[in-house]
$ cat input-v8.tsv   # TSV, C-alpha atoms
chain	number	residue	atom	x	y	z
A	2	MET	CA	5.90	43.82	1.51
A	3	ALA	CA	2.64	42.63	0.02
A	4	ASN	CA	2.92	39.42	-1.97
A	5	ALA	CA	6.60	38.99	-1.28
A	6	PRO	CA	7.41	35.37	-0.54
A	7	SER	CA	9.78	34.43	2.21
A	8	ILE	CA	13.15	33.67	0.72
A	9	ASP	CA	12.84	30.06	1.92
A	10	HIS	CA	9.65	29.67	-0.01
A	11	TYR	CA	11.17	31.37	-3.02
A	12	ARG	CA	13.89	28.71	-2.93
A	13	HIS	CA	11.17	26.07	-3.08
A	14	PHE	CA	9.58	27.87	-6.04
A	15	THR	CA	13.00	27.87	-7.75
A	16	GLU	CA	13.60	24.17	-7.17
A	17	ASN	CA	10.11	23.33	-8.36
A	18	TRP	CA	10.66	25.29	-11.56
A	19	LEU	CA	14.04	23.66	-12.22
A	20	GLY	CA	12.43	20.23	-11.75
A	21	HIS	CA	9.73	21.18	-14.24
A	22	ARG	CA	12.35	22.43	-16.68
A	23	LYS	CA	14.14	19.09	-16.59
A	24	LEU	CA	10.83	17.46	-17.48
A	25	THR	CA	10.31	19.98	-20.30
A	26	ARG	CA	13.70	18.97	-21.73
A	27	ARG	CA	12.71	15.30	-21.73
A	28	ILE	CA	9.36	16.02	-23.37
A	29	VAL	CA	10.94	18.09	-26.17
A	30	GLU	CA	13.61	15.45	-26.62
A	31	ALA	CA	10.91	12.78	-27.02
A	32	VAL	CA	9.40	14.46	-30.10
A	33	PRO	CA	10.51	12.48	-33.17
A	34	GLU	CA	13.11	14.45	-35.11
A	35	GLY	CA	11.02	14.52	-38.29
A	36	ASP	CA	8.10	16.10	-36.41
A	37	LEU	CA	9.87	18.66	-34.26
A	38	PHE	CA	9.68	21.48	-36.80
A	39	SER	CA	6.54	20.49	-38.65
A	40	PHE	CA	3.97	18.68	-36.51
A	41	SER	CA	0.87	20.48	-35.28
A	42	VAL	CA	-2.57	19.76	-33.89
A	43	GLY	CA	-5.41	22.05	-34.88
A	44	GLY	CA	-3.20	24.60	-36.65
A	45	MET	CA	-1.19	25.34	-33.51
A	46	ARG	CA	2.52	26.05	-33.42
A	47	THR	CA	5.07	23.30	-34.02
A	48	PRO	CA	6.74	21.54	-31.08
A	49	ALA	CA	9.92	23.56	-31.69
A	50	GLU	CA	7.96	26.82	-31.65
A	51	LEU	CA	6.23	25.89	-28.40
A	52	ALA	CA	9.63	25.02	-26.90
A	53	HIS	CA	10.94	28.39	-28.05
A	54	GLU	CA	8.02	30.18	-26.38
A	55	ILE	CA	8.75	28.37	-23.10
A	56	LEU	CA	12.46	29.24	-23.22
A	57	GLU	CA	11.97	32.81	-24.38
A	58	SER	CA	9.28	33.75	-21.86
A	59	ALA	CA	11.41	32.48	-19.01
A	60	ARG	CA	14.61	34.03	-20.38
A	61	THR	CA	13.20	37.52	-20.78
A	62	VAL	CA	11.30	37.55	-17.47
A	63	VAL	CA	14.02	35.98	-15.30
A	64	THR	CA	16.73	38.16	-16.82
A	65	GLY	CA	14.54	41.21	-16.36
A	66	VAL	CA	13.67	40.56	-12.74
A	67	ALA	CA	17.24	39.59	-11.88
A	68	THR	CA	18.88	42.59	-13.58
A	69	GLY	CA	16.15	45.23	-13.98
A	70	ASP	CA	16.81	45.13	-17.74
A	71	PHE	CA	14.27	43.11	-19.75
A	72	PRO	CA	15.69	41.80	-23.04
A	73	ASP	CA	13.57	41.99	-26.18
A	74	TYR	CA	11.36	38.95	-26.73
A	75	ARG	CA	12.40	37.22	-29.95
A	76	MET	CA	9.10	36.33	-31.63
A	77	GLU	CA	10.76	34.08	-34.15
A	78	SER	CA	12.54	30.97	-32.98
A	79	PRO	CA	16.27	31.10	-33.79
A	80	TYR	CA	16.61	27.29	-33.65
A	81	LYS	CA	16.93	25.67	-37.05
A	82	ASP	CA	17.46	22.05	-36.12
A	83	ARG	CA	17.03	19.61	-33.24
A	84	ALA	CA	20.63	19.81	-32.05
A	85	ALA	CA	20.48	23.62	-31.86
A	86	LEU	CA	17.24	23.50	-29.90
A	87	LEU	CA	18.51	20.92	-27.42
A	88	THR	CA	21.77	22.82	-26.95
A	89	ALA	CA	19.73	25.96	-26.28
A	90	MET	CA	17.67	24.06	-23.73
A	91	ASP	CA	20.83	23.12	-21.86
A	92	GLU	CA	22.13	26.68	-21.98
A	93	GLU	CA	18.80	28.10	-20.90
A	94	PHE	CA	18.61	25.62	-18.04
A	95	ALA	CA	21.90	26.92	-16.71
A	96	ALA	CA	20.78	30.52	-17.22
A	97	LEU	CA	17.45	29.85	-15.50
A	98	GLU	CA	19.17	28.28	-12.51
A	99	LYS	CA	21.68	31.10	-12.21
A	100	GLY	CA	19.09	33.81	-12.75
A	101	LEU	CA	16.50	32.46	-10.31
A	102	ARG	CA	19.14	31.92	-7.64
A	103	SER	CA	20.43	35.48	-7.98
A	104	VAL	CA	17.05	37.15	-7.46
A	105	THR	CA	16.82	39.02	-4.16
A	106	GLU	CA	13.86	39.56	-1.84
A	107	ALA	CA	13.80	43.20	-2.89
A	108	GLN	CA	13.57	42.26	-6.57
A	109	LEU	CA	10.73	39.83	-5.84
A	110	ALA	CA	8.75	42.71	-4.35
A	111	THR	CA	9.63	45.31	-7.00
A	112	GLU	CA	6.92	46.23	-9.51
A	113	PHE	CA	7.83	45.66	-13.15
A	114	SER	CA	5.95	46.37	-16.35
A	115	THR	CA	6.33	43.72	-19.07
A	116	PHE	CA	4.93	42.60	-22.42
A	117	GLY	CA	5.01	46.12	-23.80
A	118	GLY	CA	3.38	47.57	-20.71
A	119	SER	CA	0.38	45.24	-20.83
A	120	TYR	CA	1.27	43.44	-17.58
A	121	THR	CA	2.36	45.11	-14.35
A	122	GLY	CA	3.24	42.99	-11.36
A	123	THR	CA	5.91	42.32	-8.77
A	124	GLY	CA	9.02	40.36	-9.63
A	125	MET	CA	7.43	37.32	-7.99
A	126	GLU	CA	4.26	37.73	-10.04
A	127	GLN	CA	6.29	38.06	-13.25
A	128	LEU	CA	8.23	34.89	-12.44
A	129	GLN	CA	5.01	33.08	-11.54
A	130	TYR	CA	3.53	34.04	-14.91
A	131	ALA	CA	6.48	32.62	-16.84
A	132	PHE	CA	6.45	29.47	-14.70
A	133	ASP	CA	2.70	28.92	-15.27
A	134	ASN	CA	3.26	29.54	-18.99
A	135	GLU	CA	5.85	26.75	-19.14
A	136	ILE	CA	3.52	24.16	-17.59
A	137	HIS	CA	0.70	25.28	-19.90
A	138	HIS	CA	2.67	24.86	-23.12
A	139	ARG	CA	4.42	21.69	-22.00
A	140	GLY	CA	0.96	20.23	-21.29
A	141	GLN	CA	0.20	20.92	-24.95
A	142	LEU	CA	3.37	19.08	-25.96
A	143	TYR	CA	2.10	16.06	-24.01
A	144	VAL	CA	-0.91	15.95	-26.36
A	145	TYR	CA	1.38	16.28	-29.38
A	146	LEU	CA	3.40	13.29	-28.18
A	147	ARG	CA	0.26	11.20	-27.64
A	148	ALA	CA	-1.01	12.20	-31.09
A	149	LEU	CA	2.36	11.03	-32.48
A	150	GLY	CA	2.03	7.70	-30.68
A	151	VAL	CA	4.79	8.46	-28.18
A	152	GLU	CA	4.16	7.78	-24.48
A	153	PRO	CA	5.43	10.79	-22.53
A	154	VAL	CA	7.38	10.71	-19.27
A	155	PRO	CA	4.87	11.05	-16.39
A	156	PHE	CA	4.09	14.55	-15.17
A	157	TRP	CA	5.20	13.73	-11.63
A	158	ASP	CA	8.63	12.42	-12.69
A	159	ARG	CA	10.87	15.43	-12.08
B	14	MET	CA	10.21	26.71	8.81
B	15	ALA	CA	11.88	25.53	5.62
B	16	ASN	CA	9.83	26.10	2.48
B	17	ALA	CA	7.01	27.81	4.32
B	18	PRO	CA	5.79	30.80	2.36
B	19	SER	CA	4.96	34.03	4.09
B	20	ILE	CA	1.21	34.26	4.53
B	21	ASP	CA	1.16	37.31	2.25
B	22	HIS	CA	2.74	35.30	-0.51
B	23	TYR	CA	0.40	32.41	0.16
B	24	ARG	CA	-2.49	34.81	-0.40
B	25	HIS	CA	-0.99	35.65	-3.79
B	26	PHE	CA	-0.70	31.94	-4.57
B	27	THR	CA	-4.37	31.54	-3.63
B	28	GLU	CA	-5.53	34.43	-5.81
B	29	ASN	CA	-3.44	33.18	-8.72
B	30	TRP	CA	-4.99	29.71	-8.42
B	31	LEU	CA	-8.54	31.10	-8.24
B	32	GLY	CA	-7.85	33.16	-11.37
B	33	HIS	CA	-6.62	30.04	-13.13
B	34	ARG	CA	-9.70	28.11	-11.97
B	35	LYS	CA	-11.97	30.73	-13.54
B	36	LEU	CA	-10.10	30.23	-16.79
B	37	THR	CA	-10.43	26.44	-16.46
B	38	ARG	CA	-14.21	26.87	-16.17
B	39	ARG	CA	-14.33	28.91	-19.37
B	40	ILE	CA	-12.19	26.37	-21.24
B	41	VAL	CA	-14.37	23.44	-20.18
B	42	GLU	CA	-17.49	25.43	-21.00
B	43	ALA	CA	-16.12	26.08	-24.51
B	44	VAL	CA	-15.98	22.39	-25.40
B	45	PRO	CA	-18.94	21.62	-27.68
B	46	GLU	CA	-21.56	19.62	-25.80
B	47	GLY	CA	-21.39	16.69	-28.22
B	48	ASP	CA	-17.63	16.35	-27.67
B	49	LEU	CA	-17.38	16.81	-23.92
B	50	PHE	CA	-17.77	13.12	-23.07
B	51	SER	CA	-16.35	11.56	-26.21
B	52	PHE	CA	-13.61	13.61	-27.88
B	53	SER	CA	-9.99	12.62	-27.52
B	54	VAL	CA	-6.62	13.22	-29.14
B	55	GLY	CA	-4.16	10.33	-29.31
B	56	GLY	CA	-6.22	8.02	-27.13
B	57	MET	CA	-6.14	10.39	-24.17
B	58	ARG	CA	-8.97	10.97	-21.73
B	59	THR	CA	-12.09	12.87	-22.76
B	60	PRO	CA	-12.47	16.57	-21.92
B	61	ALA	CA	-14.89	15.67	-19.10
B	62	GLU	CA	-12.41	13.18	-17.66
B	63	LEU	CA	-9.59	15.73	-17.74
B	64	ALA	CA	-11.88	18.24	-16.04
B	65	HIS	CA	-12.68	15.64	-13.38
B	66	GLU	CA	-8.97	15.03	-12.77
B	67	ILE	CA	-8.40	18.76	-12.29
B	68	LEU	CA	-11.30	19.09	-9.85
B	69	GLU	CA	-10.56	15.89	-7.96
B	70	SER	CA	-6.83	16.48	-7.48
B	71	ALA	CA	-7.52	19.92	-6.08
B	72	ARG	CA	-10.44	18.76	-3.94
B	73	THR	CA	-8.57	15.93	-2.23
B	74	VAL	CA	-5.36	17.89	-1.68
B	75	VAL	CA	-6.92	21.15	-0.51
B	76	THR	CA	-9.38	19.36	1.79
B	77	GLY	CA	-6.54	17.25	3.15
B	78	VAL	CA	-4.17	20.12	3.85
B	79	ALA	CA	-6.96	22.26	5.32
B	80	THR	CA	-8.39	19.56	7.59
B	81	GLY	CA	-5.65	16.93	7.99
B	82	ASP	CA	-8.08	14.38	6.56
B	83	PHE	CA	-7.51	13.49	2.89
B	84	PRO	CA	-10.67	12.22	1.16
B	85	ASP	CA	-10.42	9.24	-1.18
B	86	TYR	CA	-9.65	10.15	-4.76
B	87	ARG	CA	-12.56	9.11	-6.97
B	88	MET	CA	-10.90	7.58	-10.02
B	89	GLU	CA	-14.11	7.55	-12.00
B	90	SER	CA	-15.80	10.80	-12.89
B	91	PRO	CA	-19.26	11.07	-11.29
B	92	TYR	CA	-20.43	13.62	-13.87
B	93	LYS	CA	-22.81	12.19	-16.43
B	94	ASP	CA	-23.72	15.26	-18.44
B	95	ARG	CA	-22.56	18.80	-19.17
B	96	ALA	CA	-24.89	20.48	-16.70
B	97	ALA	CA	-23.70	18.23	-13.86
B	98	LEU	CA	-20.05	18.91	-14.69
B	99	LEU	CA	-20.54	22.68	-14.86
B	100	THR	CA	-22.52	22.68	-11.62
B	101	ALA	CA	-19.70	20.71	-9.99
B	102	MET	CA	-17.21	23.26	-11.30
B	103	ASP	CA	-19.13	26.02	-9.57
B	104	GLU	CA	-19.36	24.05	-6.33
B	105	GLU	CA	-15.68	23.12	-6.46
B	106	PHE	CA	-14.74	26.74	-7.12
B	107	ALA	CA	-16.48	27.75	-3.91
B	108	ALA	CA	-14.88	24.85	-2.04
B	109	LEU	CA	-11.42	25.69	-3.42
B	110	GLU	CA	-11.76	29.31	-2.39
B	111	LYS	CA	-12.97	28.43	1.10
B	112	GLY	CA	-10.40	25.68	1.56
B	113	LEU	CA	-7.38	27.68	0.36
B	114	ARG	CA	-8.38	30.67	2.48
B	115	SER	CA	-8.70	28.54	5.60
B	116	VAL	CA	-5.20	27.03	5.38
B	117	THR	CA	-2.88	28.24	8.14
B	118	GLU	CA	0.86	28.87	8.10
B	119	ALA	CA	1.32	25.80	10.30
B	120	GLN	CA	-0.58	23.62	7.83
B	121	LEU	CA	1.52	24.94	4.94
B	122	ALA	CA	4.64	23.74	6.75
B	123	THR	CA	3.24	20.37	7.94
B	124	GLU	CA	4.48	17.25	6.12
B	125	PHE	CA	1.75	15.14	4.52
B	126	SER	CA	1.90	11.86	2.67
B	127	THR	CA	-0.45	11.58	-0.32
B	128	PHE	CA	-1.24	9.45	-3.37
B	129	GLY	CA	-1.12	6.25	-1.34
B	130	GLY	CA	2.15	7.23	0.29
B	131	SER	CA	3.99	7.84	-2.97
B	132	TYR	CA	4.42	11.57	-2.39
B	133	THR	CA	5.54	13.21	0.84
B	134	GLY	CA	5.76	16.96	1.06
B	135	THR	CA	4.68	19.97	3.05
B	136	GLY	CA	1.18	21.35	2.77
B	137	MET	CA	2.54	24.05	0.47
B	138	GLU	CA	4.23	21.47	-1.73
B	139	GLN	CA	1.04	19.42	-1.90
B	140	LEU	CA	-0.97	22.48	-2.92
B	141	GLN	CA	1.68	23.45	-5.45
B	142	TYR	CA	1.47	19.98	-7.01
B	143	ALA	CA	-2.31	20.18	-7.45
B	144	PHE	CA	-2.01	23.72	-8.85
B	145	ASP	CA	0.66	22.68	-11.38
B	146	ASN	CA	-1.50	19.68	-12.31
B	147	GLU	CA	-4.42	21.96	-13.16
B	148	ILE	CA	-2.38	24.11	-15.54
B	149	HIS	CA	-0.92	20.99	-17.14
B	150	HIS	CA	-4.27	19.37	-17.93
B	151	ARG	CA	-5.98	22.61	-18.90
B	152	GLY	CA	-3.13	23.16	-21.39
B	153	GLN	CA	-4.14	19.84	-22.89
B	154	LEU	CA	-7.75	21.04	-23.13
B	155	TYR	CA	-6.49	24.02	-25.13
B	156	VAL	CA	-5.20	21.58	-27.76
B	157	TYR	CA	-8.51	19.73	-27.73
B	158	LEU	CA	-10.36	22.99	-28.39
B	159	ARG	CA	-8.03	23.88	-31.27
B	160	ALA	CA	-8.44	20.39	-32.71
B	161	LEU	CA	-12.21	20.94	-32.52
B	162	GLY	CA	-11.89	24.26	-34.35
B	163	VAL	CA	-12.75	26.34	-31.28
B	164	GLU	CA	-10.56	29.35	-30.46
B	165	PRO	CA	-9.85	29.25	-26.70
B	166	VAL	CA	-9.86	32.23	-24.33
B	167	PRO	CA	-6.26	33.51	-24.06
B	168	PHE	CA	-4.11	32.03	-21.29
B	169	TRP	CA	-3.47	35.44	-19.76
B	170	ASP	CA	-7.16	36.37	-19.50
B	171	ARG	CA	-7.95	35.52	-15.87

$ encode --input "input-v8.tsv" --output "structure tokens"
Amino acid sequence: MANAPSIDHYRHFTENWLGHRKLTRRIVEAVPEGDLFSFSVGGMRTPAELAHEILESARTVVTGVATGDFPDYRMESPYKDRAALLTAMDEEFAALEKGLRSVTEAQLATEFSTFGGSYTGTGMEQLQYAFDNEIHHRGQLYVYLRALGVEPVPFWDR
Amino acid sequence: MANAPSIDHYRHFTENWLGHRKLTRRIVEAVPEGDLFSFSVGGMRTPAELAHEILESARTVVTGVATGDFPDYRMESPYKDRAALLTAMDEEFAALEKGLRSVTEAQLATEFSTFGGSYTGTGMEQLQYAFDNEIHHRGQLYVYLRALGVEPVPFWDR
């Protein structure tokens, strides 16, 4: 099957993502509480909104690939305070781990259409997109932390 | 071989990286010339220095995995002006494409020690690290562009 990874490599992809997700948790946690829902650079989204995008992209894509049923993407963040966001991060970590580990070789090779039909790709490609998206937005949170005078955990520390 | 991707999947990884690299070029190109070597947020590196890190991490790792001989990492950026940096980006794109396409399944599964012995992993893991690193730092350049009032090319446009 074109583009289908070996299941051994897929396991490596999964472990790499889970390591990144642990780092994402630490980066979000490092944002000062008073800035989490208000800080921005250059008119961009707040740290909490960027965290929501990371969680929501992964949740919808991983659930969709793992079950064939893609949940609606919630544009608006449902998290109203720091505790709710961090609790959601723990819950989504568990869901990500469970979801990624349940995906089969056949699902990795199945074509799915996502984002309202604007993106068609195999299960693996969909997962790759959500993974890349997490690193991208967490990289932005690194700049937010630096702008707030907070030294972030190193990128390699996962 | 544990963690070794199928060669079909590795080809997908390669194409995904090359697509990201094209986006990186457009993001660097979008930085106003007067800011490329001086702008910073929160005391971080300049856009040109971040671009150098992206190029250099990929260059050393891809060359190393493809040939078994890891070149020294040049800490200091050799690029003194915008034209030199953009020319290097074109040259490094060609080198990345050639290097990634020459990597064999055996090299992907070979263990290498990099970063002065601080990181040991298979060829695939080394490549994955340099790929992740590119998305991370380019995400930071997105914030720089926004802070400079420049609307970046969308993340999905590769």

$ interface_residues --input "input-v8.tsv" --of "chain B" --to "chain A" --cutoff "10 Å" --atoms "all atoms listed in the file" --output "short mmCIF file (atom, residue, chain, number, x, y, z; two decimals) with C-alpha atoms, keeping the file's coordinate frame"
data_model
loop_
_atom_site.label_atom_id
_atom_site.label_comp_id
_atom_site.auth_asym_id
_atom_site.auth_seq_id
_atom_site.Cartn_x
_atom_site.Cartn_y
_atom_site.Cartn_z
CA MET B 14 10.21 26.71 8.81
CA ALA B 15 11.88 25.53 5.62
CA ASN B 16 9.83 26.10 2.48
CA ALA B 17 7.01 27.81 4.32
CA PRO B 18 5.79 30.80 2.36
CA SER B 19 4.96 34.03 4.09
CA ILE B 20 1.21 34.26 4.53
CA ASP B 21 1.16 37.31 2.25
CA HIS B 22 2.74 35.30 -0.51
CA TYR B 23 0.40 32.41 0.16
CA ARG B 24 -2.49 34.81 -0.40
CA HIS B 25 -0.99 35.65 -3.79
CA PHE B 26 -0.70 31.94 -4.57
CA ASN B 29 -3.44 33.18 -8.72
CA HIS B 33 -6.62 30.04 -13.13
CA SER B 53 -9.99 12.62 -27.52
CA VAL B 54 -6.62 13.22 -29.14
CA GLY B 55 -4.16 10.33 -29.31
CA GLY B 56 -6.22 8.02 -27.13
CA MET B 57 -6.14 10.39 -24.17
CA TYR B 132 4.42 11.57 -2.39
CA MET B 137 2.54 24.05 0.47
CA GLU B 138 4.23 21.47 -1.73
CA GLN B 141 1.68 23.45 -5.45
CA TYR B 142 1.47 19.98 -7.01
CA PHE B 144 -2.01 23.72 -8.85
CA ASP B 145 0.66 22.68 -11.38
CA ASN B 146 -1.50 19.68 -12.31
CA GLU B 147 -4.42 21.96 -13.16
CA ILE B 148 -2.38 24.11 -15.54
CA HIS B 149 -0.92 20.99 -17.14
CA HIS B 150 -4.27 19.37 -17.93
CA ARG B 151 -5.98 22.61 -18.90
CA GLY B 152 -3.13 23.16 -21.39
CA GLN B 153 -4.14 19.84 -22.89
CA LEU B 154 -7.75 21.04 -23.13
CA TYR B 155 -6.49 24.02 -25.13
CA VAL B 156 -5.20 21.58 -27.76
CA TYR B 157 -8.51 19.73 -27.73
CA LEU B 158 -10.36 22.99 -28.39
CA ARG B 159 -8.03 23.88 -31.27
CA ALA B 160 -8.44 20.39 -32.71
CA LEU B 161 -12.21 20.94 -32.52
CA GLY B 162 -11.89 24.26 -34.35
CA VAL B 163 -12.75 26.34 -31.28
CA GLU B 164 -10.56 29.35 -30.46
CA PHE B 168 -4.11 32.03 -21.29
CA TRP B 169 -3.47 35.44 -19.76
#

$ residues_near_point --input "input-v8.tsv" --point "(19.3, 20.0, -23.4)" --cutoff "10 Å" --atoms "all atoms listed in the file" --output "number ranges by chain"
A: 22-23, 25-27, 29-30, 84-95

$ atom_distance --input "input-v8.tsv" --atom1 "atom CA of Glu77 of chain A" --atom2 "atom CA of Gly124 of chain A"
25.4 Å

$ closest_residue --input "input-v8.tsv" --among "A:Arg159, A:Val66, A:Lys81, A:Leu97" --to "Leu109 of chain A" --atoms "only C-alpha atoms"
A:Val66

$ atom_distance --input "input-v8.tsv" --atom1 "atom CA of Leu24 of chain A" --atom2 "atom CA of Met88 of chain B"
25.0 Å

$ closest_residue --input "input-v8.tsv" --among "B:Arg72, B:Trp30, B:Arg95, B:Pro165" --to "Pro60 of chain B" --atoms "all atoms listed in the file"
B:Arg95

$ closest_residue --input "input-v8.tsv" --among "A:Pro79, A:Phe71, A:Val62, A:Ala31" --to "Glu50 of chain A" --atoms "all atoms listed in the file"
A:Pro79

$ atom_distance --input "input-v8.tsv" --atom1 "atom CA of Thr73 of chain B" --atom2 "atom CA of Ile40 of chain B"
22.0 Å

$ closest_residue --input "input-v8.tsv" --among "A:Leu101, A:Leu19, A:Thr115, A:Pro33" --to "Asp70 of chain A" --atoms "all atoms listed in the file"
A:Thr115

$ closest_residue --input "input-v8.tsv" --among "A:Ser78, A:Thr111, A:Thr64, A:Thr105" --to "Leu51 of chain A" --atoms "only C-alpha atoms"
A:Ser78

$ axis_aligned_box --input "input-v8.tsv" --around "segment 49-58 of chain A" --padding-each-side "8 Å" --output "lines of an AutoDock Vina configuration file"
center_x = 9.3
center_y = 28.7
center_z = -26.8
size_x = 22.2
size_y = 26.2
size_z = 25.8

$ residues_around --input "input-v8.tsv" --residues "Arg114 of chain B" --least-positions-apart "3" --cutoff "8 Å" --atoms "only C-alpha atoms" --output "list in words"
Arg24, Thr27, Glu110 and Lys111 of chain B

$ closest_residue --input "input-v8.tsv" --among "B:Gly112, B:Gln139, B:Glu66, B:Asp170" --to "Gly32 of chain B" --atoms "only C-alpha atoms"
B:Asp170
